[in-house]
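Peer 1: Here you go, this is protein05.tsv (TSV, C-alpha atoms).
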```tsv
chain	number	residue	atom	x	y	z
A	47	MET	CA	-154.60	135.51	69.32
A	48	VAL	CA	-151.91	138.07	68.57
A	49	ARG	CA	-154.37	140.92	69.11
A	50	LEU	CA	-155.74	139.40	72.31
A	51	THR	CA	-152.27	138.77	73.72
A	52	LEU	CA	-150.98	142.25	72.91
A	53	LEU	CA	-154.13	143.87	74.28
A	54	SER	CA	-153.78	141.93	77.52
A	55	PHE	CA	-150.10	142.89	77.65
A	56	LEU	CA	-150.86	146.59	77.25
A	57	ILE	CA	-153.57	146.50	79.92
A	58	VAL	CA	-151.29	144.79	82.43
A	59	LEU	CA	-148.29	146.97	81.57
A	60	VAL	CA	-150.18	150.27	81.79
A	61	SER	CA	-151.99	149.25	84.98
A	62	LEU	CA	-148.94	148.06	86.91
A	63	THR	CA	-146.70	150.86	85.66
A	64	GLY	CA	-149.34	153.47	86.50
A	65	VAL	CA	-149.90	152.17	90.02
A	66	ILE	CA	-146.18	152.03	90.83
A	67	TRP	CA	-145.56	155.43	89.23
A	68	VAL	CA	-148.35	157.07	91.23
A	69	THR	CA	-147.04	155.63	94.51
A	70	GLN	CA	-143.54	156.86	93.73
A	71	ALA	CA	-144.79	160.26	92.58
A	72	LEU	CA	-146.79	160.80	95.76
A	73	ARG	CA	-143.63	160.26	97.79
A	74	GLY	CA	-142.03	163.21	96.00
A	75	ILE	CA	-145.00	165.57	96.23
A	76	ASP	CA	-143.19	167.54	98.94
A	77	LEU	CA	-140.54	168.42	96.36
A	78	MET	CA	-143.13	170.29	94.32
A	79	THR	CA	-144.40	172.30	97.28
A	80	ALA	CA	-140.95	172.98	98.76
A	81	GLN	CA	-139.45	174.27	95.52
A	82	GLY	CA	-142.54	175.90	94.10
A	83	GLN	CA	-142.73	173.73	91.01
A	84	THR	CA	-145.90	173.60	88.96
A	85	VAL	CA	-147.92	170.41	88.64
A	86	LEU	CA	-146.96	170.04	84.97
A	87	VAL	CA	-143.25	170.33	85.76
A	88	PHE	CA	-143.63	167.85	88.59
A	89	LEU	CA	-145.47	165.34	86.41
A	90	GLY	CA	-142.92	165.78	83.65
A	91	ILE	CA	-140.00	165.10	85.97
A	92	THR	CA	-141.56	162.10	87.67
A	93	GLY	CA	-142.72	160.84	84.28
A	94	LEU	CA	-139.08	160.33	83.31
A	95	ALA	CA	-139.12	157.25	85.53
A	96	ILE	CA	-141.92	155.57	83.54
A	97	PRO	CA	-139.63	153.97	80.88
A	98	VAL	CA	-137.48	152.46	83.64
A	99	LEU	CA	-140.55	151.03	85.38
A	100	ALA	CA	-141.93	149.72	82.08
A	101	LEU	CA	-138.60	148.03	81.36
A	102	ILE	CA	-138.84	146.07	84.60
A	103	ILE	CA	-142.55	145.28	84.37
A	104	ALA	CA	-142.83	144.43	80.64
A	105	PRO	CA	-141.47	140.83	80.77
A	106	LEU	CA	-143.79	139.96	83.65
A	107	ALA	CA	-146.69	141.72	81.91
A	108	MET	CA	-146.07	139.57	78.84
A	109	LEU	CA	-146.07	136.44	81.01
A	110	LEU	CA	-149.40	137.43	82.56
A	111	ALA	CA	-150.86	138.22	79.14
A	112	VAL	CA	-149.91	134.81	77.73
A	113	THR	CA	-151.15	133.06	80.87
A	114	HIS	CA	-154.48	134.88	80.63
A	115	THR	CA	-154.86	134.03	76.95
A	116	LEU	CA	-154.06	130.33	77.46
A	117	ASN	CA	-156.43	130.08	80.42
A	118	ARG	CA	-159.18	131.73	78.41
A	119	LEU	CA	-158.68	129.36	75.48
A	120	SER	CA	-158.63	126.38	77.82
A	121	ALA	CA	-161.78	127.49	79.64
A	122	ASP	CA	-163.61	127.67	76.30
A	123	SER	CA	-162.24	124.20	75.37
A	124	GLU	CA	-160.58	125.72	72.30
A	125	VAL	CA	-157.23	124.12	73.14
A	126	ILE	CA	-158.81	120.66	73.11
A	127	VAL	CA	-160.61	121.41	69.83
A	128	MET	CA	-157.41	122.63	68.14
A	129	ASN	CA	-155.51	119.58	69.38
A	130	ALA	CA	-158.25	117.24	68.11
A	131	ALA	CA	-158.13	119.00	64.73
A	132	GLY	CA	-154.45	118.08	64.42
A	133	LEU	CA	-152.95	121.51	65.10
A	134	SER	CA	-149.30	121.06	66.04
A	135	PRO	CA	-147.92	122.71	69.20
A	136	TRP	CA	-145.58	124.87	67.11
A	137	ARG	CA	-148.46	126.17	65.00
A	138	PHE	CA	-150.32	126.93	68.21
A	139	LEU	CA	-147.24	128.67	69.63
A	140	ARG	CA	-146.68	130.85	66.55
A	141	PRO	CA	-149.09	133.73	67.43
A	142	PHE	CA	-147.59	133.98	70.90
A	143	MET	CA	-144.08	134.17	69.45
A	144	VAL	CA	-145.17	136.93	67.06
A	145	SER	CA	-146.47	138.90	70.04
A	146	THR	CA	-143.25	138.17	71.92
A	147	VAL	CA	-141.11	139.53	69.07
A	148	ILE	CA	-143.04	142.82	69.20
A	149	VAL	CA	-142.71	143.05	72.98
A	150	ALA	CA	-139.02	142.12	72.87
A	151	CYS	CA	-138.35	144.92	70.36
A	152	LEU	CA	-140.13	147.35	72.68
A	153	ILE	CA	-138.11	146.18	75.68
A	154	SER	CA	-134.83	146.39	73.74
A	155	PHE	CA	-135.68	149.94	72.66
A	156	LEU	CA	-136.38	150.89	76.27
A	157	ALA	CA	-133.22	149.23	77.57
A	158	ILE	CA	-130.82	150.53	74.93
A	159	PHE	CA	-132.15	153.99	74.12
A	160	LEU	CA	-135.09	155.45	76.04
A	161	ALA	CA	-134.40	154.39	79.65
A	162	PRO	CA	-130.78	155.68	79.69
A	163	GLU	CA	-131.85	158.98	78.14
A	164	CYS	CA	-134.58	159.46	80.77
A	165	LEU	CA	-132.18	158.57	83.58
A	166	ARG	CA	-129.65	161.07	82.24
A	167	ALA	CA	-132.34	163.76	82.18
A	168	LEU	CA	-133.20	162.94	85.80
A	169	ARG	CA	-129.52	163.11	86.74
A	170	ARG	CA	-129.14	166.53	85.12
A	171	TRP	CA	-132.22	167.84	86.86
A	172	HIS	CA	-131.21	166.55	90.30
A	173	THR	CA	-127.65	167.85	89.88
A	174	GLU	CA	-128.81	171.30	88.82
A	175	ILE	CA	-131.32	171.49	91.66
A	176	GLY	CA	-128.68	170.37	94.15
A	177	ALA	CA	-126.28	173.05	92.93
A	178	ASP	CA	-128.96	175.75	92.79
A	179	VAL	CA	-128.92	177.50	96.14
A	180	LEU	CA	-131.98	179.54	95.25
A	181	ALA	CA	-134.07	176.40	94.85
A	182	ASN	CA	-132.86	174.89	98.10
A	183	VAL	CA	-132.46	177.67	100.66
A	184	LEU	CA	-135.44	179.94	100.01
A	185	GLN	CA	-137.73	178.24	102.50
A	186	PRO	CA	-140.82	180.11	103.77
A	187	GLY	CA	-140.56	181.78	107.16
A	188	GLN	CA	-136.80	181.36	107.59
A	189	PHE	CA	-133.97	183.90	107.57
A	190	ILE	CA	-131.19	182.58	105.36
A	191	ARG	CA	-127.66	184.04	105.42
A	192	LEU	CA	-125.52	183.70	102.30
A	193	ASP	CA	-122.17	185.49	102.31
A	194	LYS	CA	-123.30	188.74	104.03
A	195	LEU	CA	-126.68	188.46	102.35
A	196	VAL	CA	-129.84	187.74	104.38
A	197	LEU	CA	-133.02	186.58	102.65
A	198	ARG	CA	-136.49	185.73	103.87
A	199	VAL	CA	-139.73	184.84	102.13
A	200	GLN	CA	-143.07	184.66	103.87
A	201	GLU	CA	-144.74	182.17	101.54
A	202	ARG	CA	-144.00	180.13	98.43
A	203	ARG	CA	-146.86	179.60	96.00
A	204	PRO	CA	-147.26	177.32	92.98
A	205	GLY	CA	-145.40	178.48	89.91
A	206	GLY	CA	-142.39	179.63	91.93
A	207	VAL	CA	-144.07	182.82	93.17
A	208	LEU	CA	-142.54	184.15	96.41
A	209	VAL	CA	-144.70	186.28	98.69
A	210	GLY	CA	-143.34	188.74	101.28
A	211	VAL	CA	-139.69	188.97	100.20
A	212	PHE	CA	-137.06	190.64	102.41
A	213	ILE	CA	-133.38	191.10	101.44
A	214	ASP	CA	-130.57	192.59	103.53
A	215	ASP	CA	-127.48	193.00	101.33
A	216	GLN	CA	-124.21	193.88	103.13
A	217	ARG	CA	-121.77	192.52	100.57
A	218	ASN	CA	-120.57	196.00	99.60
A	219	PRO	CA	-118.65	197.65	102.52
A	220	ALA	CA	-119.50	201.13	101.19
A	221	GLU	CA	-123.25	200.66	101.39
A	222	ARG	CA	-126.03	198.49	102.78
A	223	ILE	CA	-129.22	197.72	100.90
A	224	ASN	CA	-132.56	196.62	102.34
A	225	ILE	CA	-135.26	195.47	99.94
A	226	THR	CA	-138.86	194.51	100.69
A	227	ALA	CA	-141.33	193.40	98.05
A	228	GLN	CA	-144.79	191.93	97.96
A	229	ASN	CA	-143.94	189.31	95.32
A	230	GLY	CA	-140.92	187.81	93.65
A	231	VAL	CA	-140.02	185.08	91.21
A	232	VAL	CA	-136.71	183.49	90.25
A	233	GLN	CA	-135.91	183.79	86.55
A	234	LYS	CA	-132.95	182.22	84.78
A	235	THR	CA	-131.55	183.71	81.58
A	236	ASP	CA	-128.36	183.42	79.58
A	237	LYS	CA	-126.93	186.26	81.67
A	238	GLY	CA	-127.58	184.51	85.00
A	239	SER	CA	-130.24	184.05	87.66
A	240	PHE	CA	-132.31	186.97	88.91
A	241	LEU	CA	-134.84	187.41	91.67
A	242	VAL	CA	-137.43	189.61	89.95
A	243	LEU	CA	-139.31	191.59	92.62
A	244	SER	CA	-142.54	193.54	92.21
A	245	ASP	CA	-144.38	196.19	94.27
A	246	GLY	CA	-141.74	197.02	96.85
A	247	ASN	CA	-139.16	199.53	98.03
A	248	LEU	CA	-135.39	199.72	98.29
A	249	GLN	CA	-133.46	201.45	101.09
A	250	ARG	CA	-129.82	202.27	100.35
A	251	PHE	CA	-127.64	203.13	103.40
A	252	GLN	CA	-124.36	204.75	102.33
A	253	ALA	CA	-121.42	205.06	104.71
A	254	ASP	CA	-120.87	208.79	104.07
A	255	LYS	CA	-124.54	209.75	104.36
A	256	LYS	CA	-126.78	209.88	107.41
A	257	ASP	CA	-130.17	209.40	105.80
A	258	PRO	CA	-130.97	206.42	103.58
A	259	LEU	CA	-132.05	206.71	99.98
A	260	ILE	CA	-135.53	205.21	99.59
A	261	VAL	CA	-136.80	204.12	96.18
A	262	ALA	CA	-140.21	202.59	95.47
A	263	PHE	CA	-140.40	200.27	92.49
A	264	LYS	CA	-142.92	198.31	90.50
A	265	SER	CA	-140.33	195.83	89.26
A	266	TYR	CA	-136.73	195.24	90.29
A	267	ALA	CA	-134.28	192.49	89.24
A	268	PHE	CA	-131.88	191.42	91.98
A	269	ASP	CA	-128.84	189.54	90.66
A	270	MET	CA	-128.44	186.12	92.32
A	271	SER	CA	-126.19	184.48	89.74
A	272	GLN	CA	-123.37	183.73	92.17
A	273	PHE	CA	-125.74	181.59	94.25
A	274	SER	CA	-127.21	179.67	91.32
A	275	GLN	CA	-124.39	178.25	89.25
A	276	ALA	CA	-125.38	175.18	87.25
A	277	PRO	CA	-122.72	172.46	87.04
A	278	GLN	CA	-120.73	172.24	83.82
A	279	THR	CA	-120.30	168.46	83.91
A	280	TYR	CA	-122.46	165.54	85.02
A	281	ASN	CA	-121.19	162.27	86.43
A	282	TYR	CA	-123.33	159.53	84.89
A	283	ASN	CA	-123.29	156.06	86.39
A	284	ALA	CA	-123.51	152.78	84.47
A	285	ARG	CA	-127.32	152.74	84.25
A	286	GLU	CA	-127.28	156.23	82.72
A	287	ARG	CA	-124.75	155.45	79.98
A	288	PHE	CA	-125.57	154.70	76.37
A	289	ILE	CA	-124.81	151.28	74.94
A	290	GLY	CA	-121.73	152.55	73.07
A	291	GLU	CA	-120.19	153.83	76.30
A	292	LEU	CA	-120.81	150.48	77.96
A	293	ILE	CA	-119.17	148.55	75.13
A	294	SER	CA	-116.15	150.85	75.00
A	295	PRO	CA	-115.82	153.01	78.15
A	296	PRO	CA	-113.98	156.29	77.48
A	297	LYS	CA	-110.34	156.15	78.53
A	298	ASP	CA	-110.42	159.72	79.87
A	299	ASP	CA	-113.56	159.11	81.96
A	300	ALA	CA	-112.49	158.55	85.56
A	301	VAL	CA	-115.95	157.33	86.61
A	302	ALA	CA	-116.01	154.74	83.83
A	303	GLN	CA	-112.51	153.48	84.56
A	304	ARG	CA	-113.34	153.05	88.25
A	305	SER	CA	-116.55	151.16	87.46
A	306	LEU	CA	-115.59	148.77	84.66
A	307	GLY	CA	-117.29	145.89	86.48
A	308	GLN	CA	-120.57	147.81	86.73
A	309	PHE	CA	-120.33	148.80	83.07
A	310	ARG	CA	-119.81	145.15	82.06
A	311	ALA	CA	-122.74	143.92	84.16
A	312	GLU	CA	-125.02	146.71	82.88
A	313	LEU	CA	-124.10	145.93	79.26
A	314	HIS	CA	-125.08	142.27	79.54
A	315	ASP	CA	-128.18	143.15	81.54
A	316	ARG	CA	-129.42	145.30	78.66
A	317	LEU	CA	-128.56	142.67	76.07
A	318	LEU	CA	-130.49	140.07	78.04
A	319	ALA	CA	-133.51	142.33	78.60
A	320	GLY	CA	-135.03	141.37	75.25
A	321	LEU	CA	-134.51	137.63	75.85
A	322	TYR	CA	-136.53	137.32	79.04
A	323	PRO	CA	-139.92	137.64	77.26
A	324	PHE	CA	-139.03	134.71	74.97
A	325	VAL	CA	-137.99	132.54	77.91
A	326	PHE	CA	-141.10	133.41	79.91
A	327	VAL	CA	-143.49	132.81	76.98
A	328	ILE	CA	-141.95	129.44	76.07
A	329	LEU	CA	-142.03	128.47	79.73
A	330	ALA	CA	-145.69	129.50	80.06
A	331	PHE	CA	-146.63	127.57	76.93
A	332	ALA	CA	-144.83	124.46	78.20
A	333	PHE	CA	-146.79	124.59	81.47
A	334	LEU	CA	-150.19	125.76	80.21
A	335	GLY	CA	-150.25	124.97	76.49
A	336	PRO	CA	-150.99	121.20	76.54
A	337	PRO	CA	-154.70	120.32	76.27
A	338	ARG	CA	-156.48	119.43	79.51
A	339	THR	CA	-159.94	118.13	80.24
A	340	THR	CA	-162.31	120.07	82.45
A	341	ARG	CA	-161.53	117.70	85.32
A	342	GLN	CA	-157.82	118.39	85.13
A	343	GLY	CA	-157.06	121.46	87.17
A	344	ARG	CA	-154.59	124.13	86.07
A	345	ASN	CA	-153.93	125.65	89.48
A	346	PHE	CA	-150.84	123.54	90.15
A	347	ALA	CA	-149.36	124.34	86.72
A	348	VAL	CA	-149.98	128.08	87.18
A	349	SER	CA	-148.47	128.04	90.68
A	350	ALA	CA	-145.41	126.11	89.51
A	351	LEU	CA	-145.02	128.50	86.57
A	352	VAL	CA	-145.12	131.60	88.77
A	353	LEU	CA	-142.64	130.07	91.21
A	354	LEU	CA	-140.20	129.11	88.45
A	355	VAL	CA	-140.45	132.54	86.80
A	356	LEU	CA	-139.66	134.23	90.12
A	357	VAL	CA	-136.65	131.96	90.59
A	358	VAL	CA	-135.39	132.76	87.09
A	359	ARG	CA	-135.87	136.53	87.45
A	360	ILE	CA	-134.37	136.73	90.93
A	361	GLY	CA	-131.50	134.55	89.74
A	362	GLY	CA	-130.94	136.98	86.88
A	363	TYR	CA	-130.79	139.95	89.24
A	364	ALA	CA	-128.40	138.04	91.50
A	365	CYS	CA	-126.11	137.17	88.58
A	366	SER	CA	-126.08	140.82	87.44
A	367	THR	CA	-125.14	141.96	90.94
A	368	ILE	CA	-122.45	139.33	91.44
A	369	GLY	CA	-121.19	139.90	87.89
A	370	VAL	CA	-119.89	143.33	88.90
A	371	SER	CA	-117.01	141.67	90.74
A	372	ARG	CA	-117.12	138.17	89.21
A	373	PRO	CA	-117.55	138.02	85.42
A	374	GLY	CA	-118.33	134.30	85.59
A	375	ALA	CA	-121.75	135.10	87.08
A	376	ILE	CA	-122.78	136.71	83.79
A	377	VAL	CA	-122.03	133.44	81.99
A	378	VAL	CA	-124.22	131.66	84.54
A	379	GLN	CA	-127.09	134.01	83.68
A	380	TYR	CA	-126.84	133.18	79.97
A	381	ALA	CA	-126.62	129.47	80.77
A	382	MET	CA	-129.63	129.64	83.09
A	383	LEU	CA	-131.84	131.19	80.40
A	384	MET	CA	-130.65	128.69	77.79
A	385	ILE	CA	-131.32	125.73	80.10
A	386	VAL	CA	-134.81	126.95	81.04
A	387	ALA	CA	-135.69	127.60	77.39
A	388	GLY	CA	-134.23	124.25	76.31
A	389	VAL	CA	-136.13	122.26	78.94
A	390	SER	CA	-139.34	124.12	78.04
A	391	ILE	CA	-138.91	123.28	74.34
A	392	TRP	CA	-138.29	119.64	75.25
A	393	MET	CA	-141.52	119.61	77.30
A	394	ILE	CA	-143.43	121.04	74.33
A	395	LEU	CA	-141.97	118.44	71.95
A	396	LYS	CA	-142.77	115.55	74.28
A	397	GLY	CA	-146.21	116.86	75.16
A	398	VAL	CA	-145.47	116.85	78.89
A	399	VAL	CA	-148.48	117.83	81.01
A	400	VAL	CA	-147.60	119.44	84.33
A	401	ASP	CA	-149.81	117.89	87.00
A	402	PRO	CA	-149.33	117.60	90.76
A	403	PRO	CA	-147.64	114.38	91.94
A	404	ALA	CA	-150.05	111.55	92.77
A	405	ASN	CA	-148.83	111.22	96.37
A	406	LEU	CA	-149.28	114.97	96.90
A	407	THR	CA	-152.83	114.78	95.52
A	408	ALA	CA	-153.61	111.82	97.77
A	409	GLN	CA	-152.24	113.66	100.80
A	410	PHE	CA	-154.44	116.68	100.09
A	411	ALA	CA	-157.43	114.35	99.72
A	412	ARG	CA	-156.74	112.82	103.15
A	413	TRP	CA	-156.44	116.27	104.71
A	414	ARG	CA	-159.72	117.27	103.10
A	415	GLU	CA	-161.45	114.21	104.55
A	416	ARG	CA	-160.08	114.96	108.02
A	417	LEU	CA	-161.30	118.54	107.85
A	418	SER	CA	-164.72	117.36	106.71
A	419	SER	CA	-164.95	114.91	109.60
A	420	ILE	CA	-164.12	117.69	112.05
A	421	ARG	CA	-166.61	120.18	110.64
A	422	LEU	CA	-169.61	117.85	110.19
A	423	PRO	CA	-170.34	117.27	113.92
A	424	ALA	CA	-170.18	120.99	114.53
A	425	LEU	CA	-172.67	121.60	111.75
A	426	ARG	CA	-175.08	118.97	113.11
A	427	ARG	CA	-175.20	120.68	116.47
```
Written as structure tokens, how would this file's structure read?
Peer 2:
Amino acid sequence: MVRLTLLSFLIVLVSLTGVIWVTQALRGIDLMTAQGQTVLVFLGITGLAIPVLALIIAPLAMLLAVTHTLNRLSADSEVIVMNAAGLSPWRFLRPFMVSTVIVACLISFLAIFLAPECLRALRRWHTEIGADVLANVLQPGQFIRLDKLVLRVQERRPGGVLVGVFIDDQRNPAERINITAQNGVVQKTDKGSFLVLSDGNLQRFQADKKDPLIVAFKSYAFDMSQFSQAPQTYNYNARERFIGELISPPKDDAVAQRSLGQFRAELHDRLLAGLYPFVFVILAFAFLGPPRTTRQGRNFAVSALVLLVLVVRIGGYACSTIGVSRPGAIVVQYAMLMIVAGVSIWMILKGVVVDPPANLTAQFARWRERLSSIRLPALRR
């Protein structure tokens, strides 16, 4: 059962994460075309969000995997056979708990290490792009003025290749330079950023000379370092901090000192991330683990389980949000998980079978009879 549960978990996790990632990536496809990024760079950047998505989806994927496994065992009457053979509920629960331990370790690794590192990488990339004038202002078909410097590109192609480059440089009062080139590409080195032009010509107009100096070139590097200065520091928020920074925020970090409430809420949110799979699995086993006959439906138990899981997860998000300003809300989140787990364990010990109330079943039966009486005359006609 461990293999079946983990396989179901991986299928659900990969499927849901892939679908959400693709939808989010398609929304940023214009970034690739506008800034001339290659497909591999674009996929690499958007792929940094996958650990964050997996962190959110993994507990629910584990719940779906356990629900699928229990439903499959029940459909094959294996639950009834194991119960008749004297298998205790705790022995039946053991394989699911082994799977949960593996998934909880994965979630804790994502929450504590991988997700913050990926978010920091995204922050660095967005900050550098925002500070890089070359990546933002060189838009096809537009004349851009930057401090007595006019630039225009006719077309931007994949790989950062610029087609039809025109530069009018008037920064030096003693001379004016006009440059036209068929192609160009922005290259960044340790010495700065350069617009490397190919197959063009340069016209130099000097103040003391009537005729310009014209030079044809195969390759020419135009210094653009002053317009492409990468930031020296990055302001990381609470979600982008490592666990050590959340436990003990740096005293000299102004962002951390202004956001102590967010740091506290984020710390407990990461610590609780690995507990949610245990709560969900115990809850699913309490609702779907008891043996049922083929006449006893499981739809009500599954519906009640899904509703309760949504309440618990939304309540957890609400407590994390409120805990930024009110620390007592974090205590409520711990208490909520303990109460849900405790009640679920009590249900397992007592062998409680979750069935719809008798009056609700009778009411549905009456409604079904009324609908049948309405439809039958119409069918006879």
Peer 1: Distance atom CA of Val389 of chain A-atom CA of Leu119 of chain A, one decimal place?
Peer 2: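 Those two atoms sit 23.9 Å apart.
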Peer 1: Excluding Thr51 of chain A and residues on its chain fewer than 6 positions from it, collect all residues at most 7 Å away from it, counting all atoms listed in the file, and give them as a list in words.
Peer 2: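 Once the nearby chain positions are removed, what remains is Ala111, Val112, Thr115 and Ser145 of chain A.
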Peer 1: Choose the residue, out of A:Ala121, A:Ile148, A:Met108, A:Val378, that has the smallest atom-to-atom separation from Val327 of chain A; count only C-alpha atoms.
Peer 2: A:Met108
Peer 1: Rank nothing, just name the residue among A:Ala220, A:Ala311, A:Val149, A:Cys365 nearest to Leu52 of chain A, using all atoms listed in the file.
Peer 2: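 Closest residue, counting all atoms listed in the file: A:Val149.
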Peer 1: Expressed in Å to a single decimal, how great is the separation between atom CA of Ile57 of chain A and atom CA of Val357 of chain A?
Peer 2: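 Computed distance, atom CA of Ile57 of chain A to atom CA of Val357 of chain A, equals 24.7 Å.
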Peer 1: Please list as a list in words every residue within 10 Å of Phe155 of chain A, counting all atoms listed in the file and excluding residues in the same chain fewer than 3 positions away.
Peer 2: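 Neighbouring residues, sequence-local ones excluded: Pro97, Leu101, Val149, Ala150, Cys151, Leu152, Ile158, Phe159, Leu160, Ala161, Arg316, Ala319 and Gly320 of chain A.
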Peer 1: Rounded to one decimal in Å, what is the spacing between atom CA of Asn129 of chain A and atom CA of Ser349 of chain A?
Peer 2: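 Straight-line distance from atom CA of Asn129 of chain A to atom CA of Ser349 of chain A works out to 24.0 Å.
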Peer 1: Could you pull the residues within 12 Å of Gly369 of chain A, counting all atoms listed in the file, minus those fewer than 6 positions along the same chain, as a VMD selection string?
Peer 2: chain A and resid 306 to 315 361 to 363 375 to 380
Peer 1: Neighbouring residues of segment 190-197 of chain A were defined as those with any atom within 6 Å, considering all atoms listed in the file; residues of the same chain fewer than 6 positions away were excluded. Please report them as a PyMOL selection string.
Peer 2: chain A and resi 212-217
Peer 1: For Leu243 of chain A, list every protein, DNA or RNA residue within 8 Å, evaluated using all atoms listed in the file, and leave out those in the same chain fewer than 2 positions away; present the list as a ChimeraX atom specification.
Peer 2: /A:227-231,241,245-246,264-268
Peer 1: Please produce a file of those selected residues containing C-alpha atoms, as a JSON list (two decimals), in the coordinates of the input.
Peer 2:
```
[["chain", "number", "residue", "atom", "x", "y", "z"],
["A", 227, "ALA", "CA", -141.33, 193.40, 98.05],
["A", 228, "GLN", "CA", -144.79, 191.93, 97.96],
["A", 229, "ASN", "CA", -143.94, 189.31, 95.32],
["A", 230, "GLY", "CA", -140.92, 187.81, 93.65],
["A", 231, "VAL", "CA", -140.02, 185.08, 91.21],
["A", 241, "LEU", "CA", -134.84, 187.41, 91.67],
["A", 245, "ASP", "CA", -144.38, 196.19, 94.27],
["A", 246, "GLY", "CA", -141.74, 197.02, 96.85],
["A", 264, "LYS", "CA", -142.92, 198.31, 90.50],
["A", 265, "SER", "CA", -140.33, 195.83, 89.26],
["A", 266, "TYR", "CA", -136.73, 195.24, 90.29],
["A", 267, "ALA", "CA", -134.28, 192.49, 89.24],
["A", 268, "PHE", "CA", -131.88, 191.42, 91.98]]
```
Peer 1: For a cut-off of 12 Å around (-145.3, 131.0, 86.8), file coordinates, pick out all residues using only C-alpha atoms and list them as a ChimeraX atom specification.
Peer 2: /A:106-114,325-334,344-359
Peer 1: Can you spit out the residues from that selection as a tab-separated table (two decimals), in the frame of the given file, using C-alpha atoms?
Peer 2:
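Output file again_22.tsv follows:
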```
chain	number	residue	atom	x	y	z
A	106	LEU	CA	-143.79	139.96	83.65
A	107	ALA	CA	-146.69	141.72	81.91
A	108	MET	CA	-146.07	139.57	78.84
A	109	LEU	CA	-146.07	136.44	81.01
A	110	LEU	CA	-149.40	137.43	82.56
A	111	ALA	CA	-150.86	138.22	79.14
A	112	VAL	CA	-149.91	134.81	77.73
A	113	THR	CA	-151.15	133.06	80.87
A	114	HIS	CA	-154.48	134.88	80.63
A	325	VAL	CA	-137.99	132.54	77.91
A	326	PHE	CA	-141.10	133.41	79.91
A	327	VAL	CA	-143.49	132.81	76.98
A	328	ILE	CA	-141.95	129.44	76.07
A	329	LEU	CA	-142.03	128.47	79.73
A	330	ALA	CA	-145.69	129.50	80.06
A	331	PHE	CA	-146.63	127.57	76.93
A	332	ALA	CA	-144.83	124.46	78.20
A	333	PHE	CA	-146.79	124.59	81.47
A	334	LEU	CA	-150.19	125.76	80.21
A	344	ARG	CA	-154.59	124.13	86.07
A	345	ASN	CA	-153.93	125.65	89.48
A	346	PHE	CA	-150.84	123.54	90.15
A	347	ALA	CA	-149.36	124.34	86.72
A	348	VAL	CA	-149.98	128.08	87.18
A	349	SER	CA	-148.47	128.04	90.68
A	350	ALA	CA	-145.41	126.11	89.51
A	351	LEU	CA	-145.02	128.50	86.57
A	352	VAL	CA	-145.12	131.60	88.77
A	353	LEU	CA	-142.64	130.07	91.21
A	354	LEU	CA	-140.20	129.11	88.45
A	355	VAL	CA	-140.45	132.54	86.80
A	356	LEU	CA	-139.66	134.23	90.12
A	357	VAL	CA	-136.65	131.96	90.59
A	358	VAL	CA	-135.39	132.76	87.09
A	359	ARG	CA	-135.87	136.53	87.45
```
Peer 1: Check the smallest atom-to-atom distance from each of A:Val211, A:Met384, A:Ile260, A:Leu94 to Ser244 of chain A using only C-alpha atoms, then report the winner.
Peer 2: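 With only C-alpha atoms as the atom set, the closest residue is A:Val211.
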Peer 1: Which polymer residues, protein or nucleic acid, are no farther than 8 Å from (-126.8, 154.5, 79.9), counting only C-alpha atoms, as an MDAnalysis selection string?
Peer 2: chainID A and resid 158:159 161:163 165:166 282:289 291:292
Peer 1: Pick out the closest residue to Leu395 of chain A from this set: A:Gln70, A:Ser134, A:Ser61, A:Ser305. Count only C-alpha atoms.
Peer 2: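 For Leu395 of chain A, the nearest of the candidates is A:Ser134.
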